[in-house]
file upload-v7.csv (CSV, C-alpha atoms)
chain,number,residue,atom,x,y,z
Z,264,MET,CA,-194.7,-57.7,114.9
Z,265,GLU,CA,-191.7,-55.7,113.8
Z,266,VAL,CA,-188.2,-56.6,114.3
Z,267,GLN,CA,-185.7,-53.8,114.2
Z,268,GLY,CA,-182.0,-53.8,113.7
Z,269,ASN,CA,-179.7,-51.0,113.3
Z,270,LEU,CA,-176.0,-50.2,113.2
Z,271,SER,CA,-174.4,-49.7,116.6
Z,272,GLU,CA,-172.5,-46.5,116.5
Z,273,GLY,CA,-168.9,-47.4,115.9
Z,274,THR,CA,-165.8,-45.5,115.2
Z,275,ARG,CA,-165.6,-43.8,111.8
Z,276,GLY,CA,-164.0,-46.1,109.3
Z,277,ASP,CA,-164.9,-49.4,111.0
Z,278,TYR,CA,-166.4,-50.6,107.8
Z,279,GLN,CA,-164.3,-48.8,105.2
Z,280,LEU,CA,-163.4,-50.9,102.2
Z,281,ASP,CA,-159.9,-50.9,100.9
Z,282,GLN,CA,-159.4,-49.8,97.3
Z,283,SER,CA,-159.1,-53.2,95.7
Z,284,VAL,CA,-162.3,-54.5,97.4
Z,285,LEU,CA,-164.1,-51.3,96.5
Z,286,LEU,CA,-163.2,-51.6,92.8
Z,287,GLY,CA,-164.3,-55.3,92.8
Z,288,THR,CA,-167.6,-54.6,94.4
Z,289,ILE,CA,-168.4,-51.6,92.2
Z,290,ALA,CA,-167.6,-53.8,89.1
Z,291,SER,CA,-169.9,-56.4,90.5
Z,292,GLU,CA,-172.8,-54.0,91.2
Z,293,LEU,CA,-172.4,-52.4,87.8
Z,294,ASP,CA,-172.6,-55.7,86.0
Z,295,SER,CA,-176.4,-55.8,85.9
Z,296,PRO,CA,-177.1,-52.3,84.5
Z,297,LEU,CA,-174.3,-52.7,81.9
Z,298,VAL,CA,-175.7,-56.0,80.7
Z,299,LEU,CA,-179.1,-54.4,80.5
Z,300,LEU,CA,-177.7,-51.4,78.6
Z,301,ARG,CA,-176.1,-53.8,76.1
Z,302,GLN,CA,-179.3,-55.7,75.5
Z,303,LEU,CA,-181.4,-52.5,75.2
Z,304,SER,CA,-178.9,-50.9,72.7
Z,305,MET,CA,-179.0,-54.0,70.6
Z,306,ALA,CA,-182.8,-54.0,70.6
Z,307,LEU,CA,-182.7,-50.3,69.6
Z,308,ALA,CA,-180.5,-51.2,66.6
Z,309,ALA,CA,-183.1,-53.7,65.2
Z,310,ASP,CA,-184.7,-52.7,61.9
Z,311,ASP,CA,-188.2,-53.7,62.7
Z,312,ILE,CA,-189.1,-51.5,65.7
Z,313,ASP,CA,-191.7,-48.8,65.6
Z,314,PRO,CA,-191.2,-45.2,66.7
Z,315,ARG,CA,-193.0,-45.8,70.0
Z,316,GLU,CA,-190.7,-48.7,70.9
Z,317,ARG,CA,-187.7,-46.7,69.8
Z,318,ARG,CA,-188.7,-43.9,72.2
Z,319,GLN,CA,-189.3,-46.3,75.0
Z,320,LEU,CA,-185.9,-48.0,74.5
Z,321,THR,CA,-184.2,-44.7,74.4
Z,322,GLU,CA,-185.8,-43.6,77.6
Z,323,ARG,CA,-184.8,-46.9,79.3
Z,324,LEU,CA,-181.3,-46.6,78.1
Z,325,THR,CA,-181.1,-43.1,79.6
Z,326,LEU,CA,-182.6,-44.1,82.9
Z,327,THR,CA,-180.5,-47.2,83.2
Z,328,SER,CA,-177.3,-45.3,82.6
Z,329,GLU,CA,-178.4,-42.7,85.1
Z,330,ARG,CA,-179.1,-45.4,87.7
Z,331,ALA,CA,-175.6,-46.9,87.0
Z,332,LEU,CA,-174.0,-43.5,87.4
Z,333,ARG,CA,-175.8,-42.9,90.8
Z,334,LEU,CA,-174.7,-46.3,92.0
Z,335,THR,CA,-171.1,-45.7,90.9
Z,336,ARG,CA,-170.9,-42.4,92.6
Z,337,GLN,CA,-172.5,-43.6,95.8
Z,338,LEU,CA,-170.1,-46.6,96.0
Z,339,ALA,CA,-167.1,-44.6,95.0
Z,340,PHE,CA,-167.8,-41.8,97.4
Z,341,ASP,CA,-164.6,-41.1,99.3
Z,342,PRO,CA,-165.0,-39.4,102.6
Z,343,ARG,CA,-161.4,-38.0,102.3
Z,344,SER,CA,-162.7,-35.9,99.5
Z,345,MET,CA,-164.9,-34.0,102.0
Z,346,PRO,CA,-162.6,-33.3,105.0
Z,347,ILE,CA,-165.1,-30.9,106.4
Z,348,ILE,CA,-168.8,-31.9,106.3
Z,349,ASP,CA,-171.0,-28.8,106.5
Z,350,LEU,CA,-174.0,-29.6,108.6
Z,351,GLU,CA,-177.0,-27.4,108.6
Z,352,PRO,CA,-180.7,-27.5,109.7
Z,353,VAL,CA,-182.6,-29.3,107.0
Z,354,ASN,CA,-186.4,-29.6,106.5
Z,355,ALA,CA,-187.1,-33.4,106.1
Z,356,VAL,CA,-190.4,-32.9,104.2
Z,357,THR,CA,-188.8,-30.7,101.5
Z,358,LEU,CA,-185.8,-33.0,101.2
Z,359,CYS,CA,-188.0,-36.1,100.8
Z,360,GLN,CA,-190.1,-34.2,98.2
Z,361,GLU,CA,-186.9,-33.5,96.2
Z,362,VAL,CA,-185.9,-37.1,96.5
Z,363,ALA,CA,-189.3,-38.3,95.2
Z,364,ARG,CA,-189.1,-35.7,92.4
Z,365,GLU,CA,-185.6,-37.0,91.4
Z,366,LEU,CA,-186.7,-40.6,91.4
Z,367,SER,CA,-190.1,-40.1,89.8
Z,368,PRO,CA,-189.0,-40.5,86.1
Z,369,LEU,CA,-187.4,-43.9,86.9
Z,370,PHE,CA,-190.3,-45.1,88.9
Z,371,MET,CA,-192.8,-43.9,86.3
Z,372,ALA,CA,-190.9,-45.8,83.6
Z,373,HIS,CA,-191.3,-48.9,85.7
Z,374,GLY,CA,-195.0,-48.2,86.1
Z,375,ARG,CA,-194.4,-47.5,89.8
Z,376,SER,CA,-194.7,-44.5,92.1
Z,377,ILE,CA,-192.9,-43.0,95.1
Z,378,THR,CA,-194.7,-40.9,97.6
Z,379,VAL,CA,-193.9,-38.8,100.6
Z,380,HIS,CA,-196.0,-39.8,103.6
Z,381,PRO,CA,-197.5,-36.4,104.4
Z,382,ARG,CA,-196.4,-34.5,107.4
Z,383,SER,CA,-197.2,-30.9,107.5
Z,384,LYS,CA,-194.9,-29.8,110.3
Z,385,THR,CA,-191.7,-31.4,111.4
Z,386,PRO,CA,-188.8,-30.1,113.4
Z,387,LEU,CA,-185.6,-29.5,111.5
Z,388,MET,CA,-182.8,-32.0,111.5
Z,389,ILE,CA,-179.1,-31.6,111.3
Z,390,ALA,CA,-177.5,-32.9,108.2
Z,391,ASN,CA,-175.5,-32.2,105.1
Z,392,ARG,CA,-178.3,-31.7,102.6
Z,393,LYS,CA,-176.6,-33.0,99.5
Z,394,LEU,CA,-175.2,-36.1,101.2
Z,395,LEU,CA,-178.5,-37.0,102.8
Z,396,GLN,CA,-180.3,-36.6,99.5
Z,397,ARG,CA,-177.8,-38.9,97.9
Z,398,LEU,CA,-178.3,-41.5,100.6
Z,399,LEU,CA,-182.1,-41.4,100.3
Z,400,VAL,CA,-182.0,-41.6,96.5
Z,401,GLY,CA,-179.8,-44.7,96.9
Z,402,LEU,CA,-182.3,-46.3,99.3
Z,403,GLY,CA,-185.3,-45.3,97.1
Z,404,ASP,CA,-183.5,-46.7,94.0
Z,405,ASN,CA,-182.9,-50.0,95.8
Z,406,ALA,CA,-186.6,-50.1,97.0
Z,407,LEU,CA,-187.8,-49.8,93.4
Z,408,HIS,CA,-186.8,-53.4,92.7
Z,409,TYR,CA,-188.6,-54.9,95.6
Z,410,GLY,CA,-192.0,-53.3,96.1
Z,411,SER,CA,-195.2,-55.0,94.8
Z,412,ASP,CA,-196.5,-53.5,91.6
Z,413,ASP,CA,-199.7,-52.1,93.2
Z,414,LYS,CA,-198.2,-50.4,96.2
Z,415,PRO,CA,-196.1,-47.2,96.0
Z,416,ILE,CA,-192.7,-46.9,97.8
Z,417,GLN,CA,-193.2,-44.5,100.6
Z,418,LEU,CA,-190.8,-42.0,102.1
Z,419,THR,CA,-191.8,-41.7,105.7
Z,420,ILE,CA,-190.9,-39.0,108.2
Z,421,GLN,CA,-191.1,-39.4,112.0
Z,422,ALA,CA,-189.9,-37.0,114.6
Z,423,ARG,CA,-188.8,-38.8,117.8
Z,424,ALA,CA,-187.6,-37.6,121.1
Z,425,ASP,CA,-184.2,-36.4,119.9
Z,426,LYS,CA,-184.0,-37.6,116.4
Z,427,MET,CA,-185.7,-37.6,113.0
Z,428,ARG,CA,-186.3,-40.9,111.3
Z,429,ILE,CA,-186.7,-40.9,107.5
Z,430,GLY,CA,-187.7,-44.2,106.1
Z,431,VAL,CA,-188.0,-45.8,102.7
Z,432,ARG,CA,-190.9,-48.4,103.0
Z,433,ASP,CA,-191.2,-51.1,100.4
Z,434,TYR,CA,-193.5,-54.1,100.2
Z,435,GLY,CA,-191.1,-56.6,98.9
Z,436,PRO,CA,-189.5,-59.9,100.1
Z,437,ALA,CA,-188.4,-60.0,103.8
Z,438,VAL,CA,-184.8,-59.0,104.5
Z,439,PRO,CA,-182.7,-61.3,106.6
Z,440,HIS,CA,-182.9,-60.6,110.3
Z,441,ASP,CA,-179.1,-60.6,110.5
Z,442,ILE,CA,-178.6,-58.3,107.5
Z,443,TRP,CA,-175.9,-56.2,109.0
Z,444,GLN,CA,-173.9,-59.2,110.2
Z,445,ARG,CA,-174.1,-60.7,106.8
Z,446,LEU,CA,-172.9,-57.5,105.1
Z,447,ASP,CA,-170.1,-57.0,107.6
Z,448,GLY,CA,-169.1,-60.6,107.3
Z,449,ARG,CA,-169.0,-60.4,103.6
Z,450,VAL,CA,-166.9,-57.3,103.7
Z,451,ALA,CA,-164.5,-59.1,106.0
Z,452,ARG,CA,-164.4,-62.1,103.7
Z,453,ARG,CA,-164.1,-59.8,100.7
Z,454,ALA,CA,-166.7,-61.8,98.9
Z,455,PRO,CA,-169.6,-59.8,97.4
Z,456,VAL,CA,-172.7,-62.1,97.2
Z,457,PRO,CA,-176.4,-61.1,96.8
Z,458,LEU,CA,-178.6,-60.9,99.9
Z,459,PRO,CA,-181.0,-63.9,100.1
Z,460,ARG,CA,-184.4,-63.1,98.5
Z,461,ARG,CA,-183.2,-59.7,97.3
Z,462,PRO,CA,-180.8,-60.8,94.7
Z,463,GLN,CA,-180.4,-57.7,92.6
Z,464,THR,CA,-178.3,-56.0,95.2
Z,465,SER,CA,-175.2,-57.1,96.8
Z,466,GLY,CA,-175.9,-54.8,99.8
Z,467,LEU,CA,-172.9,-52.7,99.0
Z,468,GLY,CA,-175.1,-49.7,98.5
Z,469,LEU,CA,-176.2,-50.1,102.1
Z,470,ILE,CA,-172.7,-50.1,103.3
Z,471,ALA,CA,-172.0,-46.9,101.4
Z,472,SER,CA,-175.2,-45.5,102.9
Z,473,ARG,CA,-174.0,-46.3,106.4
Z,474,ARG,CA,-170.7,-44.6,105.7
Z,475,ILE,CA,-172.4,-41.5,104.5
Z,476,ALA,CA,-174.8,-41.4,107.4
Z,477,ASP,CA,-171.9,-41.9,109.8
Z,478,LEU,CA,-170.2,-38.8,108.4
Z,479,MET,CA,-173.2,-36.7,109.5
Z,480,GLY,CA,-173.6,-38.4,112.9
Z,481,GLY,CA,-176.6,-40.4,111.6
Z,482,VAL,CA,-177.5,-44.0,111.8
Z,483,VAL,CA,-178.8,-46.3,109.0
Z,484,GLY,CA,-181.0,-49.2,110.0
Z,485,VAL,CA,-183.8,-51.5,108.8
Z,486,THR,CA,-187.2,-52.4,110.2
Z,487,ARG,CA,-188.5,-55.7,109.0
Z,488,HIS,CA,-192.2,-56.0,108.3
Z,489,ARG,CA,-194.2,-59.1,107.4
Z,490,ASP,CA,-194.8,-57.6,104.0
Z,491,GLY,CA,-191.6,-55.8,103.3
Z,492,ALA,CA,-189.0,-53.6,104.9
Z,493,THR,CA,-188.3,-50.0,105.9
Z,494,PHE,CA,-184.7,-48.9,105.5
Z,495,TYR,CA,-184.2,-45.7,107.5
Z,496,VAL,CA,-181.8,-43.1,108.5
Z,497,ASP,CA,-181.9,-41.4,111.9
Z,498,MET,CA,-180.6,-37.9,112.1
Z,499,ARG,CA,-180.2,-35.6,115.1
Z,500,LEU,CA,-182.9,-32.9,115.5
Z,501,SER,CA,-181.9,-29.3,115.3
Z,502,GLY,CA,-182.1,-27.4,118.5
Z,503,GLN,CA,-182.3,-24.0,116.8
Z,504,MET,CA,-186.0,-23.5,117.7
Z,505,SER,CA,-185.2,-23.8,121.4
Z,506,LEU,CA,-183.0,-20.7,121.0
Z,507,LEU,CA,-185.9,-18.5,120.0
N,92,MET,CA,-199.2,-73.1,65.9
N,93,SER,CA,-196.4,-71.2,67.7
N,94,ALA,CA,-194.7,-72.6,70.7
N,95,HIS,CA,-195.7,-71.2,74.1
N,96,VAL,CA,-192.6,-69.8,76.0
N,97,LEU,CA,-192.7,-68.5,79.6
N,98,VAL,CA,-190.1,-65.9,80.5
N,99,ILE,CA,-189.2,-65.5,84.2
N,100,GLU,CA,-187.0,-62.6,84.8
N,101,SER,CA,-186.8,-60.3,87.8
N,102,GLU,CA,-185.3,-57.3,85.9
N,103,PRO,CA,-188.5,-56.0,84.2
N,104,TRP,CA,-186.9,-54.3,81.2
N,105,MET,CA,-184.7,-57.3,80.5
N,106,GLY,CA,-187.8,-59.6,80.8
N,107,GLU,CA,-189.8,-57.4,78.4
N,108,HIS,CA,-186.9,-57.4,75.9
N,109,PHE,CA,-186.8,-61.2,76.0
N,110,GLU,CA,-190.6,-61.4,75.6
N,111,GLN,CA,-190.6,-59.0,72.6
N,112,THR,CA,-187.7,-60.8,71.0
N,113,LEU,CA,-189.5,-64.1,71.2
N,114,ARG,CA,-192.8,-62.6,69.9
N,115,ARG,CA,-191.0,-61.1,67.0
N,116,ALA,CA,-189.6,-64.5,66.2
N,117,GLY,CA,-193.1,-66.0,66.1
N,118,PHE,CA,-193.4,-67.5,69.6
N,119,THR,CA,-196.3,-67.0,72.0
N,120,ALA,CA,-194.5,-65.5,75.0
N,121,ALA,CA,-195.7,-64.7,78.5
N,122,LEU,CA,-193.6,-62.8,81.2
N,123,THR,CA,-193.5,-62.9,84.9
N,124,SER,CA,-191.0,-61.6,87.4
N,125,ASN,CA,-190.9,-64.1,90.3
N,126,ALA,CA,-191.0,-67.8,91.1
N,127,TYR,CA,-194.4,-67.7,92.9
N,128,SER,CA,-196.4,-66.2,90.0
N,129,ALA,CA,-194.4,-68.5,87.6
N,130,ILE,CA,-195.8,-71.6,89.4
N,131,ASP,CA,-199.3,-70.2,89.0
N,132,MET,CA,-198.9,-69.5,85.3
N,133,ILE,CA,-197.4,-72.9,84.7
N,134,ASP,CA,-200.3,-74.5,86.5
N,135,GLU,CA,-202.7,-72.5,84.3
N,136,SER,CA,-201.0,-73.1,81.0
N,137,LYS,CA,-198.0,-75.4,80.7
N,138,PRO,CA,-195.3,-73.8,78.6
N,139,GLU,CA,-193.3,-75.7,76.0
N,140,VAL,CA,-190.2,-73.9,77.0
N,141,ILE,CA,-189.2,-71.8,80.0
N,142,VAL,CA,-186.6,-69.0,79.7
N,143,MET,CA,-185.5,-67.8,83.1
N,144,GLY,CA,-182.9,-65.9,85.1
N,145,LEU,CA,-181.4,-67.5,88.3
N,146,LEU,CA,-181.3,-64.4,90.5
N,147,LEU,CA,-185.1,-64.1,91.1
N,148,SER,CA,-186.6,-62.2,94.0
N,149,GLY,CA,-188.4,-64.3,96.7
N,150,ALA,CA,-187.9,-68.0,96.3
N,151,GLY,CA,-185.0,-67.6,93.8
N,152,GLY,CA,-184.3,-69.4,90.6
N,153,LEU,CA,-182.8,-72.5,92.1
N,154,GLY,CA,-185.8,-72.9,94.3
N,155,LEU,CA,-188.1,-72.7,91.3
N,156,LEU,CA,-185.9,-75.3,89.4
N,157,HIS,CA,-186.2,-77.6,92.4
N,158,GLU,CA,-190.0,-77.1,92.5
N,159,LEU,CA,-190.4,-77.9,88.8
N,160,GLN,CA,-188.3,-81.0,89.1
N,161,SER,CA,-190.5,-82.2,92.0
N,162,TYR,CA,-193.6,-82.8,89.9
N,163,SER,CA,-193.8,-85.2,87.0
N,164,ASP,CA,-196.0,-82.9,84.9
N,165,THR,CA,-193.4,-80.0,85.1
N,166,ALA,CA,-190.1,-81.9,85.3
N,167,ASP,CA,-190.1,-82.4,81.5
N,168,ILE,CA,-190.4,-78.7,80.6
N,169,PRO,CA,-187.1,-77.7,78.9
N,170,ILE,CA,-185.5,-74.7,80.5
N,171,ILE,CA,-183.1,-72.2,79.1
N,172,VAL,CA,-181.3,-70.1,81.7
N,173,CYS,CA,-180.3,-66.5,80.7
N,174,THR,CA,-177.9,-65.1,83.3
N,175,ASN,CA,-175.0,-62.8,83.8
N,176,ALA,CA,-173.6,-65.5,86.2
N,177,ALA,CA,-173.0,-68.0,83.4
N,178,ALA,CA,-169.4,-68.3,84.6
N,179,VAL,CA,-170.7,-69.6,87.9
N,180,PHE,CA,-173.5,-71.9,86.7
N,181,SER,CA,-172.5,-74.3,84.0
N,182,ARG,CA,-175.0,-76.2,81.8
N,183,ASP,CA,-173.7,-79.5,83.2
N,184,GLU,CA,-174.2,-78.4,86.8
N,185,LEU,CA,-177.8,-77.3,86.0
N,186,ALA,CA,-178.7,-80.2,83.7
N,187,PRO,CA,-180.2,-82.3,86.6
N,188,TYR,CA,-182.7,-79.4,87.1
N,189,GLY,CA,-184.0,-79.7,83.6
N,190,VAL,CA,-181.8,-76.9,82.2
N,191,ARG,CA,-180.9,-77.5,78.5
N,192,MET,CA,-179.0,-74.4,77.8
N,193,VAL,CA,-177.3,-71.6,79.7
N,194,LEU,CA,-177.0,-68.3,77.8
N,195,ASP,CA,-174.7,-65.5,79.1
N,196,VAL,CA,-176.7,-62.3,78.8
N,197,GLY,CA,-173.4,-60.3,78.9
N,198,VAL,CA,-172.4,-61.6,75.5
N,199,MET,CA,-175.5,-63.1,73.8
N,200,LYS,CA,-177.2,-61.3,70.9
N,201,PRO,CA,-181.0,-61.0,70.7
N,202,GLU,CA,-181.3,-63.5,67.9
N,203,GLU,CA,-179.6,-66.2,69.9
N,204,LEU,CA,-182.6,-66.4,72.3
N,205,PRO,CA,-185.2,-67.6,69.7
N,206,ALA,CA,-182.5,-69.8,68.1
N,207,ALA,CA,-182.0,-71.5,71.5
N,208,VAL,CA,-185.7,-72.0,72.0
N,209,ARG,CA,-185.9,-73.6,68.5
N,210,SER,CA,-183.0,-75.8,69.4
N,211,VAL,CA,-184.4,-77.2,72.6
N,212,LEU,CA,-187.8,-77.7,70.9
N,213,ALA,CA,-186.1,-79.7,68.1
N,214,THR,CA,-184.4,-82.1,70.5
call {"tool": "encode", "arguments": {"input": "upload-v7.csv", "output": "structure tokens"}}
result
Amino acid sequence: MEVQGNLSEGTRGDYQLDQSVLLGTIASELDSPLVLLRQLSMALAADDIDPRERRQLTERLTLTSERALRLTRQLAFDPRSMPIIDLEPVNAVTLCQEVARELSPLFMAHGRSITVHPRSKTPLMIANRKLLQRLLVGLGDNALHYGSDDKPIQLTIQARADKMRIGVRDYGPAVPHDIWQRLDGRVARRAPVPLPRRPQTSGLGLIASRRIADLMGGVVGVTRHRDGATFYVDMRLSGQMSLL
Amino acid sequence: MSAHVLVIESEPWMGEHFEQTLRRAGFTAALTSNAYSAIDMIDESKPEVIVMGLLLSGAGGLGLLHELQSYSDTADIPIIVCTNAAAVFSRDELAPYGVRMVLDVGVMKPEELPAAVRSVLAT
């Protein structure tokens, strides 16, 4: 049985963080990659490592710093810097393939994979291509840490009556049924704490994702499965085909 | 014979780094990323020392510490916690869970890990 939960459509800015909270949460989220970068760089400085290990460490340093940069940019994204959001018809399959391509080096370095659940023909959706790609990369990046080693993370695409649902399916620990209430409560309390059973994220990336989706008239939600979760974004379908 | 150390760390690259550091120092090290597989590995071959993080996926580090303390054959395994939350979890607070040392991964140097293992084995 699946239990679904998504964000009710609220007014823009309901869950905006003030500057001091934002800085604190970004610092908190960046702590883990920075600690890893420090340990990897010290390992690289050791005298007794062979060329293969040196290459591997260098690759991990690069990928970890890129991940930290993505995280920072997503969390620090300020809607005021984009007073006008250009929306256009976007092909979900092509977009998901680009997201998978962008994340593949990081997934491969972890011995994992990310696939696009194949759909040959889907209607177009209305979105800002760059913003939606950034949102999906964030969800995919998050899923990397929770999937089981033998199952790929899947980007799924489903056309519904009036919307397109793009999901990021993982096979990791269950997410709390009250995930949004927990996140909202935490923001209200200004106390970033990890989500139970998924400790490597404080969930702030999800709040940033909601904010980005909201700018495009989209909705971010989660479907809980017995063996993992699907974080998804619903976008409006384009009506341009009906004009032909 | 080298001591057998089990590393339990949910960040895979950090875990591999700990494992490699211990192997280079002459220990026999095994690595796992979560509490459930750690229990299986401990049942299969009891380690002389456990090196673990606290923020583990699934059951979590504190859940695992509780579990290990619940059985007489695992309660005596010395545990070294490596965490970036060392400011939150002190050694004194974790001592009842069998934790002998808490290392802050944000400031520790690689050579401090094998030194810590040698230290708990010597006591």
call {"tool": "interface_residues", "arguments": {"input": "upload-v7.csv", "of": "chain N", "to": "chain Z", "cutoff": "12 Å", "atoms": "all atoms listed in the file", "output": "PyMOL selection string"}}
result
chain N and resi 100-112+115-116+123-127+144-154+173-176+195-204
call {"tool": "write_last_selection", "arguments": {"input": "upload-v7.csv", "atoms": "C-alpha atoms", "output": "mmCIF file, in the frame of the given file"}}
result
data_model
loop_
_atom_site.group_PDB
_atom_site.id
_atom_site.type_symbol
_atom_site.label_atom_id
_atom_site.label_comp_id
_atom_site.auth_asym_id
_atom_site.auth_seq_id
_atom_site.Cartn_x
_atom_site.Cartn_y
_atom_site.Cartn_z
ATOM 1 C CA GLU N 100 -187.000 -62.600 84.800
ATOM 2 C CA SER N 101 -186.800 -60.300 87.800
ATOM 3 C CA GLU N 102 -185.300 -57.300 85.900
ATOM 4 C CA PRO N 103 -188.500 -56.000 84.200
ATOM 5 C CA TRP N 104 -186.900 -54.300 81.200
ATOM 6 C CA MET N 105 -184.700 -57.300 80.500
ATOM 7 C CA GLY N 106 -187.800 -59.600 80.800
ATOM 8 C CA GLU N 107 -189.800 -57.400 78.400
ATOM 9 C CA HIS N 108 -186.900 -57.400 75.900
ATOM 10 C CA PHE N 109 -186.800 -61.200 76.000
ATOM 11 C CA GLU N 110 -190.600 -61.400 75.600
ATOM 12 C CA GLN N 111 -190.600 -59.000 72.600
ATOM 13 C CA THR N 112 -187.700 -60.800 71.000
ATOM 14 C CA ARG N 115 -191.000 -61.100 67.000
ATOM 15 C CA ALA N 116 -189.600 -64.500 66.200
ATOM 16 C CA THR N 123 -193.500 -62.900 84.900
ATOM 17 C CA SER N 124 -191.000 -61.600 87.400
ATOM 18 C CA ASN N 125 -190.900 -64.100 90.300
ATOM 19 C CA ALA N 126 -191.000 -67.800 91.100
ATOM 20 C CA TYR N 127 -194.400 -67.700 92.900
ATOM 21 C CA GLY N 144 -182.900 -65.900 85.100
ATOM 22 C CA LEU N 145 -181.400 -67.500 88.300
ATOM 23 C CA LEU N 146 -181.300 -64.400 90.500
ATOM 24 C CA LEU N 147 -185.100 -64.100 91.100
ATOM 25 C CA SER N 148 -186.600 -62.200 94.000
ATOM 26 C CA GLY N 149 -188.400 -64.300 96.700
ATOM 27 C CA ALA N 150 -187.900 -68.000 96.300
ATOM 28 C CA GLY N 151 -185.000 -67.600 93.800
ATOM 29 C CA GLY N 152 -184.300 -69.400 90.600
ATOM 30 C CA LEU N 153 -182.800 -72.500 92.100
ATOM 31 C CA GLY N 154 -185.800 -72.900 94.300
ATOM 32 C CA CYS N 173 -180.300 -66.500 80.700
ATOM 33 C CA THR N 174 -177.900 -65.100 83.300
ATOM 34 C CA ASN N 175 -175.000 -62.800 83.800
ATOM 35 C CA ALA N 176 -173.600 -65.500 86.200
ATOM 36 C CA ASP N 195 -174.700 -65.500 79.100
ATOM 37 C CA VAL N 196 -176.700 -62.300 78.800
ATOM 38 C CA GLY N 197 -173.400 -60.300 78.900
ATOM 39 C CA VAL N 198 -172.400 -61.600 75.500
ATOM 40 C CA MET N 199 -175.500 -63.100 73.800
ATOM 41 C CA LYS N 200 -177.200 -61.300 70.900
ATOM 42 C CA PRO N 201 -181.000 -61.000 70.700
ATOM 43 C CA GLU N 202 -181.300 -63.500 67.900
ATOM 44 C CA GLU N 203 -179.600 -66.200 69.900
ATOM 45 C CA LEU N 204 -182.600 -66.400 72.300
#
call {"tool": "atom_distance", "arguments": {"input": "upload-v7.csv", "atom1": "CA of Gly481 in chain Z", "atom2": "CA of Val353 in chain Z"}}
result
13.4 Å
call {"tool": "residues_around", "arguments": {"input": "upload-v7.csv", "residues": "Phe494 in chain Z", "least_positions_apart": "3", "cutoff": "6 Å", "atoms": "only C-alpha atoms", "output": "ChimeraX atom specification"}}
result
/Z:430-431,484-485
call {"tool": "residues_near_point", "arguments": {"input": "upload-v7.csv", "point": "(-176.0, -44.5, 99.0)", "cutoff": "8 Å", "atoms": "all atoms listed in the file", "output": "ChimeraX atom specification"}}
result
/Z:334,337-338,397-402,468-473,475
call {"tool": "residues_around", "arguments": {"input": "upload-v7.csv", "residues": "range 181-188 of chain N", "least_positions_apart": "6", "cutoff": "7 Å", "atoms": "all atoms listed in the file", "output": "MDAnalysis selection string"}}
result
chainID N and resid 156:157 160
call {"tool": "atom_distance", "arguments": {"input": "upload-v7.csv", "atom1": "CA of Pro415 in chain Z", "atom2": "CA of Val362 in chain Z"}}
result
14.4 Å
call {"tool": "atom_distance", "arguments": {"input": "upload-v7.csv", "atom1": "CA of Lys137 in chain N", "atom2": "CA of Gly374 in chain Z"}}
result
27.9 Å
call {"tool": "residues_around", "arguments": {"input": "upload-v7.csv", "residues": "range 364-368 of chain Z", "least_positions_apart": "4", "cutoff": "9 Å", "atoms": "all atoms listed in the file", "output": "short mmCIF file (atom, residue, chain, number, x, y, z; two decimals) with C-alpha atoms, in the frame of the given file"}}
result
data_model
loop_
_atom_site.label_atom_id
_atom_site.label_comp_id
_atom_site.auth_asym_id
_atom_site.auth_seq_id
_atom_site.Cartn_x
_atom_site.Cartn_y
_atom_site.Cartn_z
CA LEU Z 326 -182.60 -44.10 82.90
CA CYS Z 359 -188.00 -36.10 100.80
CA GLN Z 360 -190.10 -34.20 98.20
CA ALA Z 372 -190.90 -45.80 83.60
CA HIS Z 373 -191.30 -48.90 85.70
CA ARG Z 375 -194.40 -47.50 89.80
CA SER Z 376 -194.70 -44.50 92.10
CA ILE Z 377 -192.90 -43.00 95.10
CA VAL Z 400 -182.00 -41.60 96.50
CA GLY Z 403 -185.30 -45.30 97.10
CA ASP Z 404 -183.50 -46.70 94.00
#
call {"tool": "residues_around", "arguments": {"input": "upload-v7.csv", "residues": "Gly117 in chain N", "least_positions_apart": "4", "cutoff": "12 Å", "atoms": "all atoms listed in the file", "output": "PyMOL selection string"}}
result
chain N and resi 92-96+110-113+205-206+208-209
call {"tool": "closest_residue", "arguments": {"input": "upload-v7.csv", "among": "N:Leu194, N:Ile99, N:Met143, N:Val179", "to": "Ala129 in chain N", "atoms": "all atoms listed in the file"}}
result
N:Ile99
call {"tool": "residues_around", "arguments": {"input": "upload-v7.csv", "residues": "Ala424 in chain Z", "least_positions_apart": "5", "cutoff": "12 Å", "atoms": "only C-alpha atoms", "output": "PyMOL selection string"}}
result
chain Z and resi 386+497-502
call {"tool": "closest_residue", "arguments": {"input": "upload-v7.csv", "among": "N:Ala120, N:Ile130, N:Val98, N:Arg114", "to": "Ile170 in chain N", "atoms": "only C-alpha atoms"}}
result
N:Val98
